[in-house]
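> The following file, structure_20.pdb, comprises PDB, C-alpha atoms and all ligand atoms:
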```
ATOM      1  CA  MET Z   1       0.000   0.000   0.000
ATOM      2  CA  SER Z   2       3.016   2.309   0.304
ATOM      3  CA  ASP Z   3       2.703   3.807  -3.192
ATOM      4  CA  PHE Z   4      -1.021   4.497  -2.787
ATOM      5  CA  ARG Z   5      -1.969   8.113  -3.475
ATOM      6  CA  ALA Z   6      -4.950  10.046  -2.178
ATOM      7  CA  GLY Z   7      -6.016  13.649  -2.054
ATOM      8  CA  PHE Z   8      -8.523  16.430  -2.570
ATOM      9  CA  VAL Z   9      -9.116  17.878  -6.002
ATOM     10  CA  ALA Z  10     -10.919  21.233  -6.148
ATOM     11  CA  VAL Z  11     -12.924  21.721  -9.339
ATOM     12  CA  VAL Z  12     -13.350  25.430 -10.022
ATOM     13  CA  GLY Z  13     -14.281  27.654 -12.916
ATOM     14  CA  ARG Z  14     -16.778  30.234 -14.033
ATOM     15  CA  PRO Z  15     -20.480  29.328 -13.998
ATOM     16  CA  ASN Z  16     -21.564  26.881 -16.720
ATOM     17  CA  ALA Z  17     -18.061  25.713 -17.730
ATOM     18  CA  GLY Z  18     -19.099  22.096 -17.116
ATOM     19  CA  LYS Z  19     -17.629  21.434 -13.660
ATOM     20  CA  SER Z  20     -20.476  19.270 -12.410
ATOM     21  CA  THR Z  21     -20.690  17.317 -15.658
ATOM     22  CA  LEU Z  22     -16.961  16.695 -15.329
ATOM     23  CA  VAL Z  23     -17.177  15.519 -11.715
ATOM     24  CA  ASN Z  24     -20.022  13.157 -12.583
ATOM     25  CA  ALA Z  25     -18.041  11.769 -15.532
ATOM     26  CA  LEU Z  26     -14.856  11.328 -13.491
ATOM     27  CA  VAL Z  27     -16.720   9.575 -10.675
ATOM     28  CA  GLY Z  28     -18.922   7.570 -13.051
ATOM     29  CA  GLU Z  29     -22.137   8.465 -11.243
ATOM     30  CA  LYS Z  30     -24.524  11.409 -11.079
ATOM     31  CA  ILE Z  31     -23.336  13.150  -7.937
ATOM     32  CA  SER Z  32     -23.984  16.768  -8.824
ATOM     33  CA  ILE Z  33     -26.877  18.246 -10.773
ATOM     34  CA  VAL Z  34     -26.404  19.742 -14.239
ATOM     35  CA  THR Z  35     -28.493  22.194 -16.231
ATOM     36  CA  ALA Z  36     -27.902  24.505 -19.171
ATOM     37  CA  ARG Z  37     -28.141  27.469 -16.769
ATOM     38  CA  PRO Z  38     -25.210  29.159 -15.070
ATOM     39  CA  GLN Z  39     -25.172  29.000 -11.244
ATOM     40  CA  THR Z  40     -26.780  25.582 -11.038
ATOM     41  CA  THR Z  41     -24.446  24.292  -8.331
ATOM     42  CA  ARG Z  42     -24.983  26.129  -5.041
ATOM     43  CA  HIS Z  43     -23.095  23.913  -2.589
ATOM     44  CA  ARG Z  44     -19.781  22.131  -2.412
ATOM     45  CA  VAL Z  45     -20.399  18.555  -3.494
ATOM     46  CA  VAL Z  46     -17.870  15.773  -3.043
ATOM     47  CA  GLY Z  47     -17.504  13.049  -5.676
ATOM     48  CA  ILE Z  48     -15.088  10.217  -4.937
ATOM     49  CA  ARG Z  49     -13.214   8.133  -7.504
ATOM     50  CA  SER Z  50     -11.405   5.108  -6.126
ATOM     51  CA  ARG Z  51      -8.854   3.266  -8.263
ATOM     52  CA  ALA Z  52      -6.634   0.310  -7.415
ATOM     53  CA  ASP Z  53      -3.725   2.616  -6.558
ATOM     54  CA  SER Z  54      -5.383   5.938  -5.699
ATOM     55  CA  GLN Z  55      -8.384   7.789  -4.350
ATOM     56  CA  MET Z  56      -9.325  11.152  -5.836
ATOM     57  CA  VAL Z  57     -11.782  13.227  -3.859
ATOM     58  CA  PHE Z  58     -13.237  15.751  -6.302
ATOM     59  CA  ILE Z  59     -14.944  18.792  -4.863
ATOM     60  CA  ASP Z  60     -17.453  20.320  -7.224
ATOM     61  CA  THR Z  61     -17.975  23.971  -6.403
ATOM     62  CA  PRO Z  62     -20.385  26.743  -7.382
ATOM     63  CA  GLY Z  63     -19.139  28.745 -10.367
ATOM     64  CA  LEU Z  64     -17.003  31.676  -9.231
ATOM     65  CA  GLN Z  65     -18.804  34.917 -10.006
ATOM     66  CA  ALA Z  66     -17.121  38.238 -10.604
ATOM     67  CA  ARG Z  67     -19.976  40.250  -9.063
ATOM     68  CA  PRO Z  68     -21.795  38.283  -6.381
ATOM     69  CA  GLY Z  69     -24.793  40.302  -5.200
ATOM     70  CA  LYS Z  70     -27.076  38.485  -2.809
ATOM     71  CA  LEU Z  71     -25.927  36.705   0.326
ATOM     72  CA  ILE Z  72     -26.389  33.345  -1.378
ATOM     73  CA  ASN Z  73     -23.999  34.349  -4.192
ATOM     74  CA  ARG Z  74     -21.380  35.569  -1.749
ATOM     75  CA  THR Z  75     -21.767  32.306   0.179
ATOM     76  CA  MET Z  76     -21.405  30.314  -3.054
ATOM     77  CA  ASN Z  77     -18.248  32.212  -3.989
ATOM     78  CA  ARG Z  78     -16.800  31.635  -0.558
ATOM     79  CA  ALA Z  79     -17.539  27.918  -0.755
ATOM     80  CA  ALA Z  80     -15.603  27.757  -4.026
ATOM     81  CA  ALA Z  81     -12.710  29.884  -2.804
ATOM     82  CA  GLY Z  82     -12.485  28.021   0.533
ATOM     83  CA  THR Z  83     -12.147  24.729  -1.300
ATOM     84  CA  LEU Z  84      -8.919  25.975  -2.884
ATOM     85  CA  ALA Z  85      -7.198  26.298   0.469
ATOM     86  CA  ASP Z  86      -7.441  22.570   1.235
ATOM     87  CA  ALA Z  87      -6.826  21.225  -2.255
ATOM     88  CA  ASP Z  88      -3.923  18.971  -3.261
ATOM     89  CA  VAL Z  89      -4.705  19.600  -6.918
ATOM     90  CA  VAL Z  90      -6.908  22.213  -8.591
ATOM     91  CA  LEU Z  91      -8.837  21.564 -11.780
ATOM     92  CA  PHE Z  92      -9.556  24.926 -13.410
ATOM     93  CA  VAL Z  93     -12.300  24.260 -15.960
ATOM     94  CA  ILE Z  94     -12.763  26.488 -19.011
ATOM     95  CA  GLU Z  95     -14.528  25.975 -22.331
ATOM     96  CA  ALA Z  96     -12.760  24.971 -25.517
ATOM     97  CA  THR Z  97     -14.656  27.668 -27.417
ATOM     98  CA  GLY Z  98     -12.373  30.320 -25.958
ATOM     99  CA  TRP Z  99     -10.954  32.204 -22.990
ATOM    100  CA  ARG Z 100     -13.512  34.599 -21.454
ATOM    101  CA  PRO Z 101     -13.412  37.476 -18.965
ATOM    102  CA  GLY Z 102     -14.997  35.146 -16.396
ATOM    103  CA  ASP Z 103     -12.008  32.815 -16.748
ATOM    104  CA  GLU Z 104      -9.643  35.719 -16.179
ATOM    105  CA  HIS Z 105     -11.489  36.428 -12.928
ATOM    106  CA  VAL Z 106     -11.083  32.795 -11.794
ATOM    107  CA  LEU Z 107      -7.398  32.884 -12.703
ATOM    108  CA  GLY Z 108      -7.041  35.905 -10.435
ATOM    109  CA  ARG Z 109      -8.620  33.929  -7.580
ATOM    110  CA  LEU Z 110      -6.025  31.186  -8.121
ATOM    111  CA  ALA Z 111      -3.118  33.526  -7.521
ATOM    112  CA  GLY Z 112      -1.390  32.410  -4.345
ATOM    113  CA  CYS Z 113      -2.870  28.928  -4.536
ATOM    114  CA  LYS Z 114      -0.084  26.512  -3.610
ATOM    115  CA  ALA Z 115      -1.522  23.367  -5.187
ATOM    116  CA  PRO Z 116      -0.690  22.488  -8.797
ATOM    117  CA  VAL Z 117      -3.351  23.847 -11.160
ATOM    118  CA  VAL Z 118      -4.426  21.687 -14.095
ATOM    119  CA  LEU Z 119      -6.230  23.659 -16.788
ATOM    120  CA  VAL Z 120      -9.095  21.527 -18.120
ATOM    121  CA  VAL Z 121     -10.265  22.688 -21.531
ATOM    122  CA  ASN Z 122     -13.767  21.222 -21.517
ATOM    123  CA  LYS Z 123     -16.412  20.952 -24.254
ATOM    124  CA  ALA Z 124     -13.731  19.969 -26.787
ATOM    125  CA  ASP Z 125     -16.527  18.219 -28.688
ATOM    126  CA  LEU Z 126     -17.755  21.668 -29.752
ATOM    127  CA  VAL Z 127     -14.539  22.308 -31.690
ATOM    128  CA  ARG Z 128     -14.211  20.294 -34.882
ATOM    129  CA  PRO Z 129     -11.884  19.415 -36.463
ATOM    130  CA  LYS Z 130      -9.771  18.894 -33.375
ATOM    131  CA  SER Z 131      -6.796  20.659 -34.971
ATOM    132  CA  LYS Z 132      -8.729  23.921 -34.424
ATOM    133  CA  LEU Z 133      -8.039  23.537 -30.704
ATOM    134  CA  LEU Z 134      -4.286  23.855 -31.139
ATOM    135  CA  PRO Z 135      -4.013  27.665 -31.398
ATOM    136  CA  LEU Z 136      -6.106  28.048 -28.199
ATOM    137  CA  LEU Z 137      -4.005  25.470 -26.339
ATOM    138  CA  ALA Z 138      -0.849  27.288 -27.426
ATOM    139  CA  ARG Z 139      -2.217  30.648 -26.223
ATOM    140  CA  LEU Z 140      -3.281  29.135 -22.891
ATOM    141  CA  GLU Z 141       0.312  28.071 -22.205
ATOM    142  CA  GLY Z 142       1.118  31.721 -21.706
ATOM    143  CA  ARG Z 143      -1.805  32.480 -19.364
ATOM    144  CA  GLY Z 144      -0.400  30.944 -16.221
ATOM    145  CA  ALA Z 145       1.911  28.398 -14.703
ATOM    146  CA  PHE Z 146      -0.270  25.358 -15.225
ATOM    147  CA  ALA Z 147       0.899  21.898 -14.178
ATOM    148  CA  ALA Z 148      -0.800  20.589 -17.330
ATOM    149  CA  ILE Z 149      -3.346  21.637 -19.932
ATOM    150  CA  VAL Z 150      -5.784  18.839 -20.783
ATOM    151  CA  PRO Z 151      -8.542  19.139 -23.401
ATOM    152  CA  VAL Z 152     -11.559  16.950 -22.586
ATOM    153  CA  SER Z 153     -15.223  16.533 -23.276
ATOM    154  CA  ALA Z 154     -17.017  15.759 -20.026
ATOM    155  CA  LEU Z 155     -20.225  15.235 -21.974
ATOM    156  CA  ALA Z 156     -18.822  12.892 -24.630
ATOM    157  CA  GLY Z 157     -16.344  11.244 -22.250
ATOM    158  CA  GLU Z 158     -13.279  12.247 -24.277
ATOM    159  CA  ASN Z 159      -9.804  12.138 -22.755
ATOM    160  CA  LEU Z 160     -11.021  11.595 -19.204
ATOM    161  CA  ALA Z 161      -8.626   8.690 -18.528
ATOM    162  CA  THR Z 162      -5.736  11.018 -19.390
ATOM    163  CA  LEU Z 163      -7.082  13.623 -16.992
ATOM    164  CA  LEU Z 164      -7.403  11.041 -14.192
ATOM    165  CA  ASP Z 165      -3.788   9.977 -14.777
ATOM    166  CA  VAL Z 166      -2.596  13.589 -14.657
ATOM    167  CA  VAL Z 167      -4.509  14.226 -11.426
ATOM    168  CA  GLN Z 168      -3.211  11.041  -9.848
ATOM    169  CA  SER Z 169       0.381  11.938 -10.735
ATOM    170  CA  HIS Z 170       0.048  15.136  -8.663
ATOM    171  CA  LEU Z 171      -1.511  13.557  -5.567
ATOM    172  CA  PRO Z 172       0.506  13.032  -2.406
ATOM    173  CA  ALA Z 173       1.218   9.533  -1.104
ATOM    174  CA  GLY Z 174      -1.307   8.521   1.528
ATOM    175  CA  GLU Z 175      -4.170   6.274   2.527
ATOM    176  CA  ARG Z 176      -7.717   6.652   1.245
ATOM    177  CA  PHE Z 177      -9.986   9.147   3.017
ATOM    178  CA  TYR Z 178     -13.261   7.348   2.349
ATOM    179  CA  PRO Z 179     -14.280   3.666   2.115
ATOM    180  CA  GLU Z 180     -13.719   2.238  -1.339
ATOM    181  CA  GLY Z 181     -17.365   1.954  -2.432
ATOM    182  CA  MET Z 182     -18.332   5.469  -1.346
ATOM    183  CA  THR Z 183     -18.957   7.966  -4.160
ATOM    184  CA  THR Z 184     -20.142  11.072  -2.298
ATOM    185  CA  ASP Z 185     -20.304  12.506   1.199
ATOM    186  CA  ARG Z 186     -23.772  13.916   0.656
ATOM    187  CA  GLY Z 187     -26.743  12.208   2.262
ATOM    188  CA  ARG Z 188     -29.905  10.932   0.661
ATOM    189  CA  ASP Z 189     -32.128  13.918   1.493
ATOM    190  CA  PHE Z 190     -29.690  16.459   0.053
ATOM    191  CA  ARG Z 191     -29.457  14.476  -3.180
ATOM    192  CA  ILE Z 192     -33.259  14.178  -3.432
ATOM    193  CA  GLY Z 193     -33.643  17.945  -2.952
ATOM    194  CA  GLU Z 194     -31.029  18.612  -5.603
ATOM    195  CA  LEU Z 195     -32.757  16.326  -8.133
ATOM    196  CA  ILE Z 196     -35.983  18.288  -7.612
ATOM    197  CA  ARG Z 197     -34.114  21.593  -7.948
ATOM    198  CA  GLU Z 198     -32.490  20.344 -11.168
ATOM    199  CA  GLN Z 199     -35.928  19.916 -12.740
ATOM    200  CA  LEU Z 200     -37.040  23.332 -11.490
ATOM    201  CA  MET Z 201     -33.946  25.061 -12.844
ATOM    202  CA  ALA Z 202     -34.354  23.370 -16.219
ATOM    203  CA  ALA Z 203     -38.087  24.070 -16.549
ATOM    204  CA  LEU Z 204     -38.286  27.683 -15.410
ATOM    205  CA  LYS Z 205     -37.280  30.816 -17.312
ATOM    206  CA  SER Z 206     -35.474  34.113 -16.764
ATOM    207  CA  GLU Z 207     -34.910  34.904 -13.086
ATOM    208  CA  VAL Z 208     -37.406  32.406 -11.606
ATOM    209  CA  PRO Z 209     -34.915  29.471 -11.419
ATOM    210  CA  TYR Z 210     -32.739  31.586  -9.133
ATOM    211  CA  GLY Z 211     -35.710  32.261  -6.872
ATOM    212  CA  VAL Z 212     -36.331  28.611  -6.055
ATOM    213  CA  ALA Z 213     -34.921  26.388  -3.358
ATOM    214  CA  VAL Z 214     -35.998  22.944  -2.196
ATOM    215  CA  GLU Z 215     -36.452  21.661   1.331
ATOM    216  CA  VAL Z 216     -37.097  17.930   1.683
ATOM    217  CA  THR Z 217     -39.397  17.607   4.693
ATOM    218  CA  ALA Z 218     -40.130  13.858   4.821
ATOM    219  CA  VAL Z 219     -38.773  10.630   3.365
ATOM    220  CA  GLU Z 220     -40.677   7.587   4.613
ATOM    221  CA  ASP Z 221     -40.917   3.968   3.590
ATOM    222  CA  ALA Z 222     -44.382   3.136   2.372
ATOM    223  CA  GLY Z 223     -45.531  -0.258   1.163
ATOM    224  CA  GLY Z 224     -43.631  -0.939  -2.029
ATOM    225  CA  GLY Z 225     -41.824   2.396  -2.183
ATOM    226  CA  VAL Z 226     -40.859   5.672  -0.601
ATOM    227  CA  ASN Z 227     -43.088   8.657   0.216
ATOM    228  CA  ILE Z 228     -41.306  11.971  -0.191
ATOM    229  CA  ASP Z 229     -42.592  15.420   0.744
ATOM    230  CA  ALA Z 230     -40.758  18.503  -0.436
ATOM    231  CA  LEU Z 231     -41.324  22.220  -0.083
ATOM    232  CA  ILE Z 232     -40.377  24.368  -3.049
ATOM    233  CA  TRP Z 233     -39.462  27.813  -1.815
ATOM    234  CA  VAL Z 234     -40.017  30.806  -4.047
ATOM    235  CA  ALA Z 235     -38.639  34.253  -3.321
ATOM    236  CA  LYS Z 236     -41.811  36.236  -4.045
ATOM    237  CA  GLU Z 237     -45.548  35.784  -4.440
ATOM    238  CA  SER Z 238     -45.465  36.362  -8.211
ATOM    239  CA  GLN Z 239     -43.228  33.310  -8.686
ATOM    240  CA  ARG Z 240     -45.697  30.878  -7.164
ATOM    241  CA  PRO Z 241     -48.142  30.730 -10.112
ATOM    242  CA  ILE Z 242     -45.198  30.476 -12.521
ATOM    243  CA  VAL Z 243     -43.838  27.398 -10.755
ATOM    244  CA  ILE Z 244     -47.295  25.830 -10.532
ATOM    245  CA  GLY Z 245     -48.240  26.630 -14.131
ATOM    246  CA  ARG Z 246     -51.636  26.618 -15.781
ATOM    247  CA  GLY Z 247     -53.800  23.998 -14.095
ATOM    248  CA  GLY Z 248     -50.715  22.796 -12.239
ATOM    249  CA  ALA Z 249     -49.064  21.599 -15.460
ATOM    250  CA  THR Z 250     -45.557  22.978 -14.801
ATOM    251  CA  LEU Z 251     -45.316  21.587 -11.278
ATOM    252  CA  LYS Z 252     -46.678  18.256 -12.466
ATOM    253  CA  ALA Z 253     -44.012  17.955 -15.161
ATOM    254  CA  ILE Z 254     -41.298  18.945 -12.697
ATOM    255  CA  GLY Z 255     -42.580  16.360 -10.222
ATOM    256  CA  THR Z 256     -42.631  13.606 -12.817
ATOM    257  CA  GLY Z 257     -39.100  14.394 -13.998
ATOM    258  CA  ALA Z 258     -37.805  14.521 -10.436
ATOM    259  CA  ARG Z 259     -39.586  11.316  -9.451
ATOM    260  CA  LEU Z 260     -37.908   9.379 -12.268
ATOM    261  CA  GLU Z 261     -34.479  10.682 -11.239
ATOM    262  CA  ILE Z 262     -35.087   9.919  -7.558
ATOM    263  CA  GLU Z 263     -36.270   6.405  -8.442
ATOM    264  CA  GLN Z 264     -32.950   5.885 -10.223
ATOM    265  CA  LEU Z 265     -31.065   7.144  -7.199
ATOM    266  CA  LEU Z 266     -32.953   5.047  -4.648
ATOM    267  CA  GLY Z 267     -33.680   2.040  -6.846
ATOM    268  CA  ARG Z 268     -37.239   2.055  -5.519
ATOM    269  CA  ARG Z 269     -40.664   3.363  -6.400
ATOM    270  CA  VAL Z 270     -41.198   6.949  -5.312
ATOM    271  CA  PHE Z 271     -44.348   8.887  -4.432
ATOM    272  CA  LEU Z 272     -43.438  12.555  -4.508
ATOM    273  CA  GLN Z 273     -45.566  15.368  -3.070
ATOM    274  CA  THR Z 274     -44.481  18.939  -3.632
ATOM    275  CA  HIS Z 275     -45.841  22.195  -2.197
ATOM    276  CA  VAL Z 276     -44.878  25.698  -3.212
ATOM    277  CA  LYS Z 277     -44.282  28.130  -0.388
ATOM    278  CA  VAL Z 278     -43.363  31.805  -0.516
ATOM    279  CA  ARG Z 279     -40.327  32.588   1.593
ATOM    280  CA  ARG Z 280     -39.741  36.219   0.782
ATOM    281  CA  ASN Z 281     -36.258  37.112  -0.352
ATOM    282  CA  TRP Z 282     -34.766  33.888   1.077
ATOM    283  CA  ALA Z 283     -31.578  34.243  -0.986
ATOM    284  CA  ASP Z 284     -30.607  37.274   1.112
ATOM    285  CA  ASP Z 285     -31.880  35.881   4.423
ATOM    286  CA  GLU Z 286     -29.307  34.380   6.733
ATOM    287  CA  ARG Z 287     -31.743  32.211   8.671
ATOM    288  CA  ALA Z 288     -33.317  30.821   5.539
ATOM    289  CA  LEU Z 289     -29.921  29.971   4.075
ATOM    290  CA  ARG Z 290     -28.878  28.188   7.250
ATOM    291  CA  GLN Z 291     -32.077  26.163   7.098
ATOM    292  CA  LEU Z 292     -31.127  25.125   3.562
ATOM    293  CA  GLY Z 293     -27.738  23.942   4.770
ATOM    294  CA  TYR Z 294     -25.509  26.846   3.761
ATOM    295  CA  ASP Z 295     -22.477  27.630   5.822
ATOM    296  CA  ILE Z 296     -23.005  31.323   6.633
ATOM    297  CA  ARG Z 297     -20.204  33.113   8.362
ATOM    298  CA  ASP Z 298     -20.585  36.780   7.502
TER     299      ASP Z 298
HETATM  300  N1  LIG H   1     -21.041  20.219 -25.560
HETATM  301  C1  LIG H   1     -20.699  20.035 -24.278
HETATM  302  N2  LIG H   1     -21.485  20.525 -23.301
HETATM  303  C2  LIG H   1     -21.105  20.321 -22.023
HETATM  304  C3  LIG H   1     -19.926  19.620 -21.683
HETATM  305  N3  LIG H   1     -19.821  19.614 -20.338
HETATM  306  C4  LIG H   1     -20.907  20.261 -19.861
HETATM  307  N4  LIG H   1     -21.686  20.687 -20.864
HETATM  308  C5  LIG H   1     -22.961  21.415 -20.771
HETATM  309  O1  LIG H   1     -22.730  22.686 -20.165
HETATM  310  C6  LIG H   1     -23.855  23.066 -19.363
HETATM  311  C7  LIG H   1     -23.383  23.376 -17.954
HETATM  312  O2  LIG H   1     -22.901  22.188 -17.354
HETATM  313  P1  LIG H   1     -22.657  22.074 -15.792
HETATM  314  O3  LIG H   1     -21.928  20.801 -15.557
HETATM  315  O4  LIG H   1     -23.935  22.290 -15.041
HETATM  316  O5  LIG H   1     -21.697  23.309 -15.571
HETATM  317  P2  LIG H   1     -21.129  23.905 -14.189
HETATM  318  O6  LIG H   1     -19.788  24.456 -14.473
HETATM  319  O7  LIG H   1     -21.231  22.878 -13.122
HETATM  320  O8  LIG H   1     -22.141  25.083 -13.934
HETATM  321  P3  LIG H   1     -22.490  25.846 -12.516
HETATM  322  O9  LIG H   1     -22.800  24.803 -11.499
HETATM  323  O10 LIG H   1     -23.696  26.624 -12.895
HETATM  324  O11 LIG H   1     -21.315  26.682 -12.203
HETATM  325  C8  LIG H   1     -24.839  21.893 -19.436
HETATM  326  O12 LIG H   1     -25.785  22.202 -20.415
HETATM  327  C9  LIG H   1     -23.961  20.724 -19.855
HETATM  328  O13 LIG H   1     -24.655  19.724 -20.555
HETATM  329  C10 LIG H   1     -19.112  19.106 -22.758
HETATM  330  O14 LIG H   1     -18.065  18.472 -22.587
HETATM  331  N5  LIG H   1     -19.547  19.356 -24.029
HETATM  332 MG    MG H   2     -22.213  22.911 -11.375
END
```
Would you write the structure of this file as C-alpha cells?
Ligand SMILES: Nc1nc2c(ncn2[C@@H]2O[C@H](COP(=O)(O)OP(=O)(O)OP(=O)(O)O)[C@@H](O)[C@H]2O)c(=O)[nH]1
Ligand SMILES: [Mg+2]


Amino acid sequence: MSDFRAGFVAVVGRPNAGKSTLVNALVGEKISIVTARPQTTRHRVVGIRSRADSQMVFIDTPGLQARPGKLINRTMNRAAAGTLADADVVLFVIEATGWRPGDEHVLGRLAGCKAPVVLVVNKADLVRPKSKLLPLLARLEGRGAFAAIVPVSALAGENLATLLDVVQSHLPAGERFYPEGMTTDRGRDFRIGELIREQLMAALKSEVPYGVAVEVTAVEDAGGGVNIDALIWVAKESQRPIVIGRGGATLKAIGTGARLEIEQLLGRRVFLQTHVKVRRNWADDERALRQLGYDIRD
C-alpha cells in the first residue's frame, strides 16, 4: 500500500463551464446536478473516484462569479474559494470555445494557490476538427503556470482517462480518506432535494430558477416504495403561479421528472408530493440559508 496516493481535487471555474458534468463523468455516477443554466451548483459537493492505486476526492464547487450580489452568491463564492485552500490539486475548468473574462477572474482567484493547477479545456466536442483547438491550447500556455493543460469533453467522455492519470500523478502519497465503495459525502435527502431543484432550474425561465430552493421535509418507507414530501421555496408571491403553471401543469411535469431521477437514485418506487411556499427574499436571508444547509459566516 506504500505507493497508494490520495487527495482532494478542487474543481473550479466560471459558472456553466461544465464542472459538475466533469465531476459526474470522473466519478462515473450522477453526484452533482447539471443544467444549461449558469449557477446551477450552489453547494460544495464531493464526488469520490477510487482506483486500485489511488483515491481522488473531487470537490465540485459553485461557479465563481465576478460580481456576487445576494448573500447566497457571496456564500457560493466563498464555498468555491475556501475549497482551494485545502486542495492537493486544482482543476480549473474552461470551455474549448475560448478564454472569457470570467475565466480571467477565476485565474485571479487562483493567484497564491499553492496546489498544482491543471487547466481543463472542456467541451472539446464543440470544436471540430480537433486541430482547431491547437491555437487556443498554445495561447493558454502563456496564461499561467499550469501543471498541465488537458482538453476533454465531459459530456462525450473524451480524454477523461488522461485527466485522471494527470490528477493522480500530482496527488501526495497517503491512505484513502473514504471507504472504497463510497462515491459522495452527501446524504440521501440532500441528493433528493437537488434532483428536484435540477428539474425546477431546467423548466423555469429568466430569473425564476434563481428564486427557487428545495427543502425535503419527509422521506418515509411506504408499502412498495418511498413517500417523499418537499417544499419548493419561491422568493416572491409572483413566482408561485409560474412554478405551478396553468392547471398545475408545470409543477406536475417537474414532479414527474424529479420522481424518475429519484427512483434511479434510490432504486425504488417513489411517491413525490411537492408544495410551493413563498419565503420572501430567502436568498438574502441568513436564517433561511442556514435552514437550507448553507455555511453562513458573515
Ligand atoms: N457540448 C458540451 N457541453 C457540455 C460539456 N460539459 C458540460 N456541458 C454542458 O454545459 C452546461 C453546464 O454544465 P454544468 O456541468 O452544469 O456546468 P457547471 O460548471 O457545473 O455550472 P455551474 O454549477 O452553474 O457553475 C450543461 O448544459 C452541460 O450539458 C461538454 O463536454 N460538451
Ligand atoms: Mg455545477

> Kindly provide the residues of chain Z that approach ligand LIG 1 (chain H) to within 8 Å, each paired with its closest atom pair and their distance in Å to one decimal, based on all atoms listed in the file, listed by chain and increasing number, as a tab-separated table.


```
residue	atom	partner	partner_atom	distance
Z:Val12	CA	H:LIG1	O6	7.9
Z:Gly13	CA	H:LIG1	O6	6.6
Z:Arg14	CA	H:LIG1	O11	6.0
Z:Pro15	CA	H:LIG1	O11	3.3
Z:Asn16	CA	H:LIG1	O8	3.4
Z:Ala17	CA	H:LIG1	O6	3.9
Z:Gly18	CA	H:LIG1	O5	3.3
Z:Lys19	CA	H:LIG1	O6	3.8
Z:Ser20	CA	H:LIG1	O7	3.8
Z:Thr21	CA	H:LIG1	O3	3.7
Z:Leu22	CA	H:LIG1	O3	6.4
Z:Ser32	CA	H:LIG1	O7	8.0
Z:Ile33	CA	H:LIG1	O4	6.6
Z:Val34	CA	H:LIG1	O4	3.6
Z:Thr35	CA	H:LIG1	O4	4.7
Z:Ala36	CA	H:LIG1	O12	3.4
Z:Arg37	CA	H:LIG1	O10	6.0
Z:Pro38	CA	H:LIG1	O10	3.7
Z:Gln39	CA	H:LIG1	O10	3.2
Z:Thr40	CA	H:LIG1	O10	3.7
Z:Thr41	CA	H:LIG1	O9	3.6
Z:Arg42	CA	H:LIG1	O9	6.9
Z:Asp60	CA	H:LIG1	O7	7.5
Z:Thr61	CA	H:LIG1	O9	7.1
Z:Pro62	CA	H:LIG1	O11	4.9
Z:Gly63	CA	H:LIG1	O11	3.5
Z:Leu64	CA	H:LIG1	O11	7.2
Z:Val93	CA	H:LIG1	O6	7.6
Z:Asn122	CA	H:LIG1	O14	5.2
Z:Lys123	CA	H:LIG1	O14	3.4
Z:Ala124	CA	H:LIG1	O14	6.2
Z:Asp125	CA	H:LIG1	N5	5.7
Z:Leu126	CA	H:LIG1	N1	5.5
Z:Val152	CA	H:LIG1	O14	6.7
Z:Ser153	CA	H:LIG1	O14	3.5
Z:Ala154	CA	H:LIG1	O14	3.9
Z:Leu155	CA	H:LIG1	O14	3.9
Z:Ala156	CA	H:LIG1	O14	6.0
Z:Gly157	CA	H:LIG1	O14	7.4
```

> So the first atom is atom CA of Z:Leu84 and the second is atom CA of Z:Ala10; what is the distance between them in Å, to one decimal place?

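That distance, rounded to one decimal, is 6.1 Å.
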
> Can you spell out as a list in words the set of residues that the PyMOL selection byres (((chain Z and resi 281-285) around 10) and not hetatm) selects in the structure I just provided?

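So the PyMOL selection byres (((chain Z and resi 281-285) around 10) and not hetatm) ends up selecting Gly69, Lys70, Leu71, Ile72, Asn73, Arg74, Tyr210, Gly211, Val212, Ala213, Trp233, Val234, Ala235, Lys236, Val278, Arg279, Arg280, Glu286, Arg287, Ala288, Leu289, Arg290 and Leu292 of chain Z.
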
> Given all atoms listed in the file as the basis, pick out the residue of Z:Ala148, Z:Ile244, Z:Val11, Z:Ala115 nearest to ligand MG 2 (chain H).

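Result for the nearest residue to ligand MG 2 (chain H): Z:Val11.
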
> If I take atom CA of Z:Tyr178 and atom CA of Z:Arg191, how far is one from the other in Å, to one decimal?

18.5 Å

> What does the PyMOL selection byres (((chain Z and resi 6) around 12) and not hetatm) select in this file, as a VMD selection string?

chain Z and resid 1 to 5 7 to 9 48 to 58 87 to 89 167 to 178 180

> Could you check how far atom CA of Z:Val214 sits from atom CA of Z:Thr75, in Å to one decimal?

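Atom-to-atom, atom CA of Z:Val214 and atom CA of Z:Thr75 are spaced 17.2 Å apart.
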
> Between Z:Ile149, Z:Ile196, Z:Gly142, Z:Glu215, which is the closest to Z:Ala253 once you count all atoms listed in the file?

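Looking at the shortest contact to Z:Ala253, the residue is Z:Ile196.
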
> Determine the nearest neighbour of ligand MG 2 (chain H) from the options Z:Glu29, Z:Trp99, Z:Glu194, Z:Arg188, counting all atoms listed in the file.

Z:Glu194

> Please determine, counting all atoms listed in the file, which residue among Z:Pro151, Z:Pro209, Z:Gly144, Z:Pro101 has the shortest atom-to-atom distance to Z:Ser131.

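Answer, going by the shortest atom-to-atom distance: Z:Pro151.
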
> Residues within 6 Å of (-8.7, 24.4, -18.2), file coordinates, counting only C-alpha atoms: what are they? Give the list as a VMD selection string.

chain Z and resid 92 to 94 119 to 121

> Show me the residues close to (-40.4, 16.9, -13.3) - anything with an atom within 10 Å, counting all atoms listed in the file - and format the list as a list in words.

Leu195, Ile196, Arg197, Glu198, Gln199, Leu200, Ala202, Ala203, Thr250, Leu251, Lys252, Ala253, Ile254, Gly255, Thr256, Gly257, Ala258, Arg259, Leu260 and Glu261 of chain Z

> For the file shown, what are the residues hit by the PyMOL selection byres (((chain Z and resi 187) around 12) and not hetatm), laid out as a PyMOL selection string?

chain Z and resi 31+45-46+182-186+188-194+216+265-266

> Residues at most 10 Å from Z:Arg143, counting only C-alpha atoms, excluding those fewer than 4 positions away in the same chain, as a ChimeraX atom specification?

/Z:99,104,107,138-139
